[in-house]
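The file query02.txt comes next; it holds compact mmCIF, C-alpha atoms (C1' of nucleotides) and all ligand atoms.
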```txt
# COMPACT_ATOMS: atom_id res chain seq x y z
CA MET I 23 0.00 0.00 0.00
CA SER I 24 1.62 3.28 -1.10
CA ASP I 25 1.17 6.29 1.16
CA HIS I 26 -1.46 8.63 -0.23
CA GLU I 27 -1.03 11.66 2.02
CA GLN I 28 1.14 13.86 -0.16
CA GLN I 29 0.56 17.26 1.38
CA PRO I 30 -1.87 16.85 4.30
CA LEU I 31 -3.79 19.90 3.12
CA PRO I 32 -4.53 22.22 6.06
CA PRO I 33 -8.01 21.39 7.37
CA THR I 34 -8.86 25.07 7.27
CA SER I 35 -8.86 25.15 3.47
CA ARG I 36 -11.66 22.63 3.50
CA GLN I 37 -14.73 24.31 4.89
CA SER I 38 -16.08 23.90 1.34
CA GLY I 39 -17.75 20.76 0.08
CA ASP I 40 -19.21 17.93 2.08
CA ALA I 41 -17.41 14.66 2.66
CA LEU I 42 -17.52 12.07 -0.09
CA PRO I 43 -20.55 9.80 0.30
CA PRO I 44 -19.93 6.06 0.64
CA VAL I 45 -19.17 4.43 -2.71
CA GLU I 46 -22.51 2.62 -3.14
CA GLN I 47 -24.52 5.74 -2.41
CA HIS I 48 -22.35 7.85 -4.68
CA ALA I 49 -22.73 5.29 -7.45
CA GLN I 50 -26.47 5.35 -7.06
CA GLN I 51 -26.55 9.10 -7.62
CA TYR I 52 -24.93 8.77 -11.02
CA GLU I 53 -27.00 5.73 -11.94
CA THR I 54 -30.19 7.58 -11.24
CA VAL I 55 -29.08 10.44 -13.45
CA ARG I 56 -28.20 8.06 -16.29
CA ASN I 57 -31.59 6.41 -16.02
CA ALA I 58 -33.32 9.77 -16.15
CA HIS I 59 -31.41 10.65 -19.28
CA GLU I 60 -32.64 7.52 -20.99
CA THR I 61 -36.29 8.50 -20.70
CA GLU I 62 -35.90 12.25 -20.80
CA LEU I 63 -36.21 12.79 -24.54
CA ILE I 64 -39.14 10.44 -24.88
CA GLU I 65 -40.95 12.24 -22.11
CA ASP I 66 -40.33 15.61 -23.70
CA TYR I 67 -41.68 14.45 -27.06
CA VAL I 68 -44.76 12.89 -25.55
CA GLU I 69 -45.36 15.89 -23.33
CA LEU I 70 -45.00 18.28 -26.26
CA ILE I 71 -47.34 16.24 -28.42
CA GLY I 72 -49.87 16.32 -25.62
CA ASP I 73 -49.47 20.07 -25.24
CA LEU I 74 -49.89 20.64 -28.97
CA LEU I 75 -53.01 18.47 -29.06
CA ARG I 76 -54.46 20.30 -26.10
CA HIS I 77 -53.64 23.82 -27.22
CA ARG I 78 -53.79 23.48 -30.98
CA GLY I 79 -55.96 20.45 -31.56
CA GLU I 80 -53.29 18.75 -33.64
CA ALA I 81 -49.65 17.80 -33.40
CA ARG I 82 -47.70 17.83 -36.66
CA ALA I 83 -44.13 16.69 -37.09
CA ALA I 84 -43.17 20.10 -38.47
CA ASP I 85 -44.43 21.85 -35.35
CA ILE I 86 -42.44 19.54 -33.16
CA ALA I 87 -39.34 20.14 -35.25
CA SER I 88 -39.57 23.91 -34.98
CA ARG I 89 -40.52 23.93 -31.30
CA MET I 90 -37.66 21.61 -30.44
CA ALA I 91 -35.26 23.34 -32.84
CA VAL I 92 -34.37 20.04 -34.42
CA SER I 93 -34.45 18.81 -38.02
CA GLN I 94 -37.56 17.19 -39.45
CA ALA I 95 -35.57 14.06 -40.12
CA THR I 96 -34.78 13.79 -36.44
CA VAL I 97 -38.44 14.14 -35.56
CA SER I 98 -39.48 11.62 -38.16
CA LYS I 99 -37.09 9.06 -36.77
CA MET I 100 -38.24 9.71 -33.22
CA ILE I 101 -41.88 9.34 -34.19
CA ARG I 102 -41.19 5.88 -35.52
CA ARG I 103 -39.64 5.05 -32.19
CA LEU I 104 -42.56 6.46 -30.20
CA ASN I 105 -44.76 4.34 -32.39
CA GLU I 106 -42.79 1.19 -31.67
CA LEU I 107 -42.99 2.01 -27.98
CA GLY I 108 -46.75 2.18 -28.28
CA LEU I 109 -46.94 5.81 -27.21
CA VAL I 110 -48.33 7.45 -30.35
CA THR I 111 -50.27 6.56 -33.45
CA SER I 112 -49.51 8.26 -36.74
CA ARG I 113 -50.67 8.23 -40.31
CA PRO I 114 -48.39 9.95 -42.82
CA TYR I 115 -49.27 13.63 -43.39
CA ARG I 116 -51.77 13.55 -40.55
CA SER I 117 -51.63 14.74 -37.00
CA LEU I 118 -50.10 12.51 -34.37
CA PHE I 119 -52.21 11.15 -31.56
CA LEU I 120 -51.32 9.69 -28.21
CA THR I 121 -52.25 6.16 -27.22
CA GLU I 122 -53.74 5.50 -23.79
CA GLU I 123 -50.27 4.91 -22.46
CA GLY I 124 -48.97 7.97 -24.24
CA GLN I 125 -51.69 10.07 -22.66
CA ARG I 126 -50.80 8.80 -19.23
CA MET I 127 -47.14 9.65 -19.79
CA ALA I 128 -48.00 13.08 -21.17
CA GLU I 129 -50.21 13.83 -18.20
CA THR I 130 -47.62 12.72 -15.67
CA SER I 131 -44.88 14.67 -17.38
CA ARG I 132 -46.97 17.77 -17.73
CA ALA I 133 -48.01 17.69 -14.10
CA ARG I 134 -44.42 17.30 -12.97
CA HIS I 135 -43.24 20.01 -15.34
CA ASP I 136 -45.88 22.40 -14.01
CA ILE I 137 -44.99 21.76 -10.40
CA VAL I 138 -41.35 22.57 -11.08
CA LEU I 139 -42.19 25.64 -13.15
CA HIS I 140 -44.64 27.06 -10.62
CA PHE I 141 -42.21 26.35 -7.82
CA LEU I 142 -39.44 28.29 -9.53
CA ARG I 143 -41.77 31.22 -10.12
CA ALA I 144 -42.91 31.13 -6.51
CA LEU I 145 -39.25 31.21 -5.50
CA GLY I 146 -38.88 34.44 -7.41
CA VAL I 147 -37.24 33.30 -10.64
CA ARG I 148 -38.23 35.30 -13.72
CA ASP I 149 -40.64 33.53 -16.04
CA THR I 150 -38.30 33.03 -18.99
CA THR I 151 -35.55 31.68 -16.79
CA ALA I 152 -37.95 29.50 -14.88
CA ARG I 153 -39.15 27.92 -18.10
CA ILE I 154 -35.63 27.14 -19.28
CA ASP I 155 -34.56 25.71 -15.93
CA ALA I 156 -37.74 23.69 -15.52
CA GLU I 157 -37.29 22.02 -18.90
CA GLY I 158 -34.07 20.44 -17.73
CA MET I 159 -34.72 20.07 -14.01
CA GLU I 160 -38.06 18.31 -14.31
CA HIS I 161 -36.45 14.98 -15.21
CA HIS I 162 -34.24 14.96 -12.15
CA VAL I 163 -36.69 15.79 -9.40
CA SER I 164 -37.77 12.93 -7.13
CA ASP I 165 -41.32 12.46 -5.95
CA GLU I 166 -40.26 13.48 -2.49
CA THR I 167 -38.87 16.79 -3.70
CA LEU I 168 -41.82 17.27 -6.00
CA THR I 169 -44.22 17.07 -3.08
CA ILE I 170 -42.19 19.56 -1.12
CA MET I 171 -42.09 21.93 -4.07
CA GLN I 172 -45.82 21.70 -4.46
CA ARG I 173 -46.46 22.49 -0.81
CA PHE I 174 -44.05 25.40 -0.97
CA THR I 175 -45.78 26.88 -4.00
CA GLU I 176 -49.22 26.55 -2.48
CA SER I 177 -48.21 28.16 0.77
CA HIS I 178 -46.43 31.01 -0.97
CA GLN I 179 -49.26 32.39 -3.09
CA PRO I 180 -52.80 31.20 -2.37
CA MET O 20 -55.36 26.47 -44.22
CA SER O 21 -57.35 23.65 -42.60
CA ASP O 22 -59.41 24.48 -39.53
CA HIS O 23 -57.77 23.16 -36.39
CA GLU O 24 -60.55 23.58 -33.85
CA GLN O 25 -61.99 20.08 -33.70
CA GLN O 26 -63.75 20.05 -30.35
CA PRO O 27 -63.41 23.48 -28.71
CA LEU O 28 -62.58 21.75 -25.40
CA PRO O 29 -64.53 23.30 -22.53
CA PRO O 30 -62.36 26.01 -20.97
CA THR O 31 -63.03 24.51 -17.56
CA SER O 32 -61.00 21.40 -18.34
CA ARG O 33 -58.00 23.59 -18.82
CA GLN O 34 -56.99 25.01 -15.49
CA SER O 35 -53.97 22.77 -15.92
CA GLY O 36 -50.86 23.73 -17.87
CA ASP O 37 -49.83 27.16 -19.02
CA ALA O 38 -50.19 28.38 -22.58
CA LEU O 39 -47.58 27.28 -25.07
CA PRO O 40 -44.69 29.73 -25.19
CA PRO O 41 -43.86 31.37 -28.52
CA VAL O 42 -41.94 29.05 -30.83
CA GLU O 43 -38.55 30.75 -30.51
CA GLN O 44 -38.70 30.78 -26.73
CA HIS O 45 -39.87 27.19 -26.61
CA ALA O 46 -37.05 26.17 -28.93
CA GLN O 47 -34.54 27.90 -26.72
CA GLN O 48 -35.66 25.87 -23.73
CA TYR O 49 -34.82 22.61 -25.45
CA GLU O 50 -31.60 23.96 -26.93
CA THR O 51 -30.38 24.99 -23.50
CA VAL O 52 -31.10 21.53 -22.17
CA ARG O 53 -29.23 19.89 -25.06
CA ASN O 54 -26.24 22.13 -24.46
CA ALA O 55 -26.23 21.26 -20.78
CA HIS O 56 -26.24 17.58 -21.63
CA GLU O 57 -23.16 18.02 -23.77
CA THR O 58 -21.04 19.30 -20.90
CA GLU O 59 -22.73 17.44 -18.07
CA LEU O 60 -20.63 14.28 -18.07
CA ILE O 61 -17.39 16.18 -18.46
CA GLU O 62 -18.29 18.36 -15.52
CA ASP O 63 -19.14 15.37 -13.35
CA TYR O 64 -15.85 13.67 -14.14
CA VAL O 65 -13.81 16.79 -13.47
CA GLU O 66 -15.73 17.52 -10.30
CA LEU O 67 -15.29 13.97 -9.04
CA ILE O 68 -11.58 14.01 -9.81
CA GLY O 69 -11.30 17.26 -7.87
CA ASP O 70 -13.21 15.77 -4.95
CA LEU O 71 -11.04 12.66 -4.89
CA LEU O 72 -7.88 14.73 -4.98
CA ARG O 73 -9.15 16.93 -2.19
CA HIS O 74 -10.45 14.15 0.05
CA ARG O 75 -8.10 11.31 -0.81
CA GLY O 76 -5.01 13.00 -2.20
CA GLU O 77 -5.20 11.00 -5.41
CA ALA O 78 -7.68 10.17 -8.14
CA ARG O 79 -7.33 6.75 -9.72
CA ALA O 80 -9.31 5.49 -12.68
CA ALA O 81 -10.55 2.53 -10.65
CA ASP O 82 -12.02 4.82 -7.98
CA ILE O 83 -13.82 6.83 -10.60
CA ALA O 84 -15.20 3.65 -12.15
CA SER O 85 -16.62 2.35 -8.89
CA ARG O 86 -17.97 5.71 -7.74
CA MET O 87 -19.66 6.28 -11.08
CA ALA O 88 -20.76 2.65 -11.38
CA VAL O 89 -19.27 2.41 -14.83
CA SER O 90 -16.73 0.05 -16.36
CA GLN O 91 -13.04 0.82 -16.20
CA ALA O 92 -12.92 0.82 -19.97
CA THR O 93 -15.46 3.62 -20.03
CA VAL O 94 -13.39 5.64 -17.61
CA SER O 95 -10.21 5.03 -19.55
CA LYS O 96 -11.79 6.32 -22.72
CA MET O 97 -13.18 9.38 -20.98
CA ILE O 98 -9.80 10.18 -19.44
CA ARG O 99 -8.30 10.33 -22.90
CA ARG O 100 -10.99 12.78 -23.84
CA LEU O 101 -10.46 14.94 -20.76
CA ASN O 102 -6.79 14.92 -21.66
CA GLU O 103 -7.50 16.09 -25.20
CA LEU O 104 -9.70 18.82 -23.78
CA GLY O 105 -6.80 19.98 -21.63
CA LEU O 106 -8.63 19.36 -18.37
CA VAL O 107 -6.47 16.65 -16.81
CA THR O 108 -2.93 15.34 -17.01
CA SER O 109 -2.27 11.65 -16.62
CA ARG O 110 0.70 9.35 -16.65
CA PRO O 111 -0.14 5.69 -17.21
CA TYR O 112 -0.79 3.80 -13.96
CA ARG O 113 -0.55 6.98 -11.89
CA SER O 114 -3.07 9.30 -10.30
CA LEU O 115 -4.82 11.87 -12.43
CA PHE O 116 -4.33 15.56 -11.86
CA LEU O 117 -6.30 18.57 -12.96
CA THR O 118 -4.84 21.28 -15.17
CA GLU O 119 -5.41 24.93 -14.30
CA GLU O 120 -8.50 24.90 -16.46
CA GLY O 121 -9.62 21.62 -14.97
CA GLN O 122 -9.27 23.05 -11.48
CA ARG O 123 -11.37 26.05 -12.42
CA MET O 124 -14.08 23.81 -13.84
CA ALA O 125 -13.99 21.52 -10.79
CA GLU O 126 -14.30 24.48 -8.46
CA THR O 127 -17.18 26.01 -10.38
CA SER O 128 -19.02 22.70 -10.58
CA ARG O 129 -18.48 21.89 -6.94
CA ALA O 130 -19.71 25.30 -5.83
CA ARG O 131 -22.83 24.98 -7.95
CA HIS O 132 -23.42 21.41 -6.79
CA ASP O 133 -23.15 22.51 -3.15
CA ILE O 134 -25.56 25.36 -3.59
CA VAL O 135 -28.18 23.05 -5.06
CA LEU O 136 -27.60 20.37 -2.44
CA HIS O 137 -27.78 22.76 0.49
CA PHE O 138 -30.84 24.40 -0.97
CA LEU O 139 -32.67 21.09 -1.21
CA ARG O 140 -31.79 20.24 2.37
CA ALA O 141 -32.94 23.68 3.50
CA LEU O 142 -36.21 23.03 1.69
CA GLY O 143 -36.68 19.93 3.81
CA VAL O 144 -35.62 17.17 1.44
CA ARG O 145 -33.95 14.20 3.12
CA ASP O 146 -30.19 14.02 2.65
CA THR O 147 -30.05 10.92 0.47
CA THR O 148 -32.77 12.18 -1.82
CA ALA O 149 -31.24 15.63 -1.93
CA ARG O 150 -27.95 14.18 -3.07
CA ILE O 151 -29.56 12.17 -5.86
CA ASP O 152 -31.66 15.08 -7.08
CA ALA O 153 -28.79 17.54 -6.88
CA GLU O 154 -26.58 15.33 -9.03
CA GLY O 155 -28.98 15.68 -11.93
CA MET O 156 -30.44 19.12 -11.30
CA GLU O 157 -27.14 20.95 -10.91
CA HIS O 158 -26.52 21.03 -14.65
CA HIS O 159 -29.84 22.64 -15.42
CA VAL O 160 -29.90 25.48 -12.91
CA SER O 161 -29.25 28.97 -14.27
CA ASP O 162 -27.12 31.53 -12.49
CA GLU O 163 -30.24 33.50 -11.68
CA THR O 164 -31.86 30.56 -9.96
CA LEU O 165 -28.60 29.64 -8.28
CA THR O 166 -28.40 33.03 -6.65
CA ILE O 167 -31.95 32.77 -5.43
CA MET O 168 -31.32 29.30 -4.04
CA GLN O 169 -28.28 30.54 -2.20
CA ARG O 170 -30.14 33.43 -0.61
CA PHE O 171 -32.96 31.10 0.38
CA THR O 172 -30.59 28.67 2.05
CA GLU O 173 -28.78 31.41 3.96
CA SER O 174 -31.96 32.95 5.26
CA HIS O 175 -33.39 29.61 6.29
CA GLN O 176 -30.67 28.39 8.66
CA PRO O 177 -28.07 30.89 9.84
C1' DA W 28 -54.84 22.21 -63.94
C1' DA W 29 -50.22 23.34 -63.31
C1' DT W 30 -46.93 24.98 -60.38
C1' DA W 31 -45.05 26.21 -56.02
C1' DA W 32 -44.51 25.58 -51.27
C1' DT W 33 -44.79 22.79 -47.39
C1' DT W 34 -44.49 18.61 -45.10
C1' DG W 35 -42.74 14.03 -44.40
C1' DT W 36 -39.56 10.09 -45.28
C1' DT W 37 -35.35 7.72 -46.23
C1' DA W 38 -30.40 6.90 -46.61
C1' DG W 39 -26.02 7.62 -44.98
C1' DC W 40 -22.88 9.84 -41.75
C1' DA W 41 -20.84 11.14 -37.13
C1' DA W 42 -20.09 11.75 -32.16
C1' DA W 43 -21.11 10.39 -27.48
C1' DG W 44 -21.39 7.13 -24.12
C1' DG W 45 -22.05 2.67 -22.76
C1' DC W 46 -20.41 -2.49 -22.74
C1' DT W 47 -17.22 -7.09 -22.78
C1' DA W 48 -13.07 -9.48 -23.65
C1' DA W 49 -8.25 -9.61 -23.98
C1' DA W 50 -3.68 -7.85 -23.21
C1' DC W 51 -0.55 -5.48 -20.55
C1' DT W 52 1.60 -3.26 -16.27
C1' DA W 53 2.20 -2.69 -11.46
C1' DT W 54 1.81 -4.07 -6.81
C1' DT W 55 1.28 -7.26 -3.18
C1' DT W 56 1.91 -11.72 -1.22
C1' DG W 57 3.71 -16.31 -0.49
C1' DC R 30 11.71 -13.72 -6.66
C1' DA R 31 7.71 -15.91 -8.50
C1' DA R 32 2.96 -16.02 -8.54
C1' DA R 33 -1.25 -13.95 -7.77
C1' DT R 34 -4.02 -9.93 -7.64
C1' DA R 35 -5.29 -5.42 -8.89
C1' DG R 36 -5.25 -1.67 -12.05
C1' DT R 37 -5.06 0.16 -16.82
C1' DT R 38 -5.46 0.23 -21.63
C1' DT R 39 -7.02 -1.23 -26.16
C1' DA R 40 -10.06 -3.25 -29.62
C1' DG R 41 -14.41 -4.01 -31.26
C1' DC R 42 -19.25 -3.71 -30.70
C1' DC R 43 -23.87 -1.40 -29.82
C1' DT R 44 -27.48 2.30 -29.09
C1' DT R 45 -28.91 6.96 -29.01
C1' DT R 46 -29.31 11.35 -30.91
C1' DG R 47 -28.18 14.48 -33.88
C1' DC R 48 -27.14 16.12 -38.91
C1' DT R 49 -27.57 16.84 -44.43
C1' DA R 50 -29.13 15.68 -48.86
C1' DA R 51 -32.29 13.67 -51.91
C1' DC R 52 -36.76 12.22 -52.78
C1' DA R 53 -41.98 11.73 -52.26
C1' DA R 54 -46.44 13.22 -51.07
C1' DT R 55 -49.65 16.63 -49.87
C1' DT R 56 -51.60 21.11 -49.84
C1' DA R 57 -51.86 25.88 -51.43
C1' DT R 58 -51.62 29.37 -55.15
C1' DT R 59 -52.07 31.13 -59.38
MN MN J 201 -40.91 19.04 -20.35
MN MN J 202 -37.82 18.49 -20.30
MN MN J 203 -21.88 17.43 -9.38
MN MN J 204 -24.05 15.86 -11.89
```
Can the structure from this file be put into structure tokens for me?
Ligand SMILES: [Mn+2]
Ligand SMILES: [Mn+2]
Ligand SMILES: [Mn+2]
Ligand SMILES: [Mn+2]
Amino acid sequence: MSDHEQQPLPPTSRQSGDALPPVEQHAQQYETVRNAHETELIEDYVELIGDLLRHRGEARAADIASRMAVSQATVSKMIRRLNELGLVTSRPYRSLFLTEEGQRMAETSRARHDIVLHFLRALGVRDTTARIDAEGMEHHVSDETLTIMQRFTESHQP
Amino acid sequence: MSDHEQQPLPPTSRQSGDALPPVEQHAQQYETVRNAHETELIEDYVELIGDLLRHRGEARAADIASRMAVSQATVSKMIRRLNELGLVTSRPYRSLFLTEEGQRMAETSRARHDIVLHFLRALGVRDTTARIDAEGMEHHVSDETLTIMQRFTESHQP
DNA sequence: AATAATTGTTAGCAAAGGCTAAACTATTTG
DNA sequence: CAAATAGTTTAGCCTTTGCTAACAATTATT
């Protein structure tokens, strides 16, 4: 075993940063993030399709492409995948629709997204910023935190 | 132009979900998230290497692999990339070290990570959950929100 | 009806981030 | 010091998510 203590680093310079968590716990943090990233895009597509259907009555591939700032080819490919996953139905040149399962996912995602967005606004974040932050944060917020956010929002502007 | 209003949808069923943002703003939300995802992994590696150096005096590939719950091959490949990016220096079979730029990135990431973690704890989230959520959220929190989180934490446990 | 514009699909490419298996190097132990 | 163990690297594979370019189908305009 080689000695690891090179310069003992004065304990004063270390008021910053918590201790390292135990290896298994630390590993679980990263694993959870990787899992979230696997479903993140799917959720955003399904959620957006649901929003378009609700607000516009139809959800076209071109709308998705411009709202996501992504090429139509990318959207087309993703739609095939959503189809295979049983989340949407699509006929060429027609609006997309959500399956039962797709609707459930859209609803869950939208609810979660709204909780995060409203929480950020209640905290005092400007609307534009809150929307940007919520789009990314939503996929990484546990149910526990979500509940706490919801309570906070309710109690801070009834 | 085909008419989109199929069923006008009773306005009562719509207390949920805000209006759709204008296309350009909506697009920017997703773009920001995609950009964050590009740097996210890099930041986590650099931050972890910094933490290992600080707490353990050295940062070995094997430690990174077990803490990230990823294969050693994956770590080895990523180290080469960090090297090419000028963030770390590495001699084969020796500890990694951070370059000047790597140290700056580690410091910035750690500070941001801590702000999010402490904020969640101040909100009332349990430690384990807070750590998991912070690991994912940290990359999607704007400077504006970060500042607000910091103020909140300070004023809620002095 | 013919043409133009929009919308959608397909093919082919690339980078990122995983993995396993095999080879190699270093360290620890008998 | 030889053998065993632990750590590191490389090669080759796969999936996801993006892109552009070319083509096809639909819808809108003249
Ligand atoms: Mn969303
Ligand atoms: Mn999102
Ligand atoms: Mn972090
Ligand atoms: Mn992280």
Using only C-alpha atoms (C1' of nucleotides) and a distance of at most 8 Å, pull out the residues of chain I that contact chain R, as an MDAnalysis selection string.
chainID I and resid 93 96 115
At a cut-off of 10 Å, can you tabulate as JSON lines every residue of chain I near ligand MN 204 (chain J) together with its closest atom pair and the distance in Å to one decimal, using all atoms listed in the file and ordering rows by chain then number?
```
{"residue": "I:Gln51", "atom": "CA", "partner": "J:MN204", "partner_atom": "MN", "distance": 8.4}
{"residue": "I:Tyr52", "atom": "CA", "partner": "J:MN204", "partner_atom": "MN", "distance": 7.2}
{"residue": "I:Val55", "atom": "CA", "partner": "J:MN204", "partner_atom": "MN", "distance": 7.6}
{"residue": "I:Arg56", "atom": "CA", "partner": "J:MN204", "partner_atom": "MN", "distance": 9.9}
```
Would you mind listing, as a list of chain:residue names, all residues of chain O that have at least one atom within 10 Å of chain W, where all atoms listed in the file are what counts?
O:Glu57, O:Leu60, O:Val89, O:Ser90, O:Ala92, O:Thr93, O:Lys96, O:Met97, O:Pro111, O:Tyr112
Show me, as a ChimeraX atom specification, the residues of chain I whose atoms get within 6 Å of chain O, using all atoms listed in the file for the distance check.
/I:26-27,45,48-49,51-52,55,79,89-91,154-155,158-159,162-163
Atom CA of I:Arg113 to atom MN of ligand MN 202 (chain J), distance in Å rounded to a single decimal
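These two atoms are separated by 25.9 Å.
Using only C-alpha atoms and all ligand atoms, the nearest neighbour of ligand MN 202 (chain J) within the list I:Asp149, I:Glu123, I:Glu176, I:Glu65 is I:Glu65.
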Could you tell me how far atom CA of O:Ser128 lies from atom CA of I:Tyr67, in Å and to one decimal?
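Atom-to-atom, atom CA of O:Ser128 to atom CA of I:Tyr67, that is 29.2 Å.
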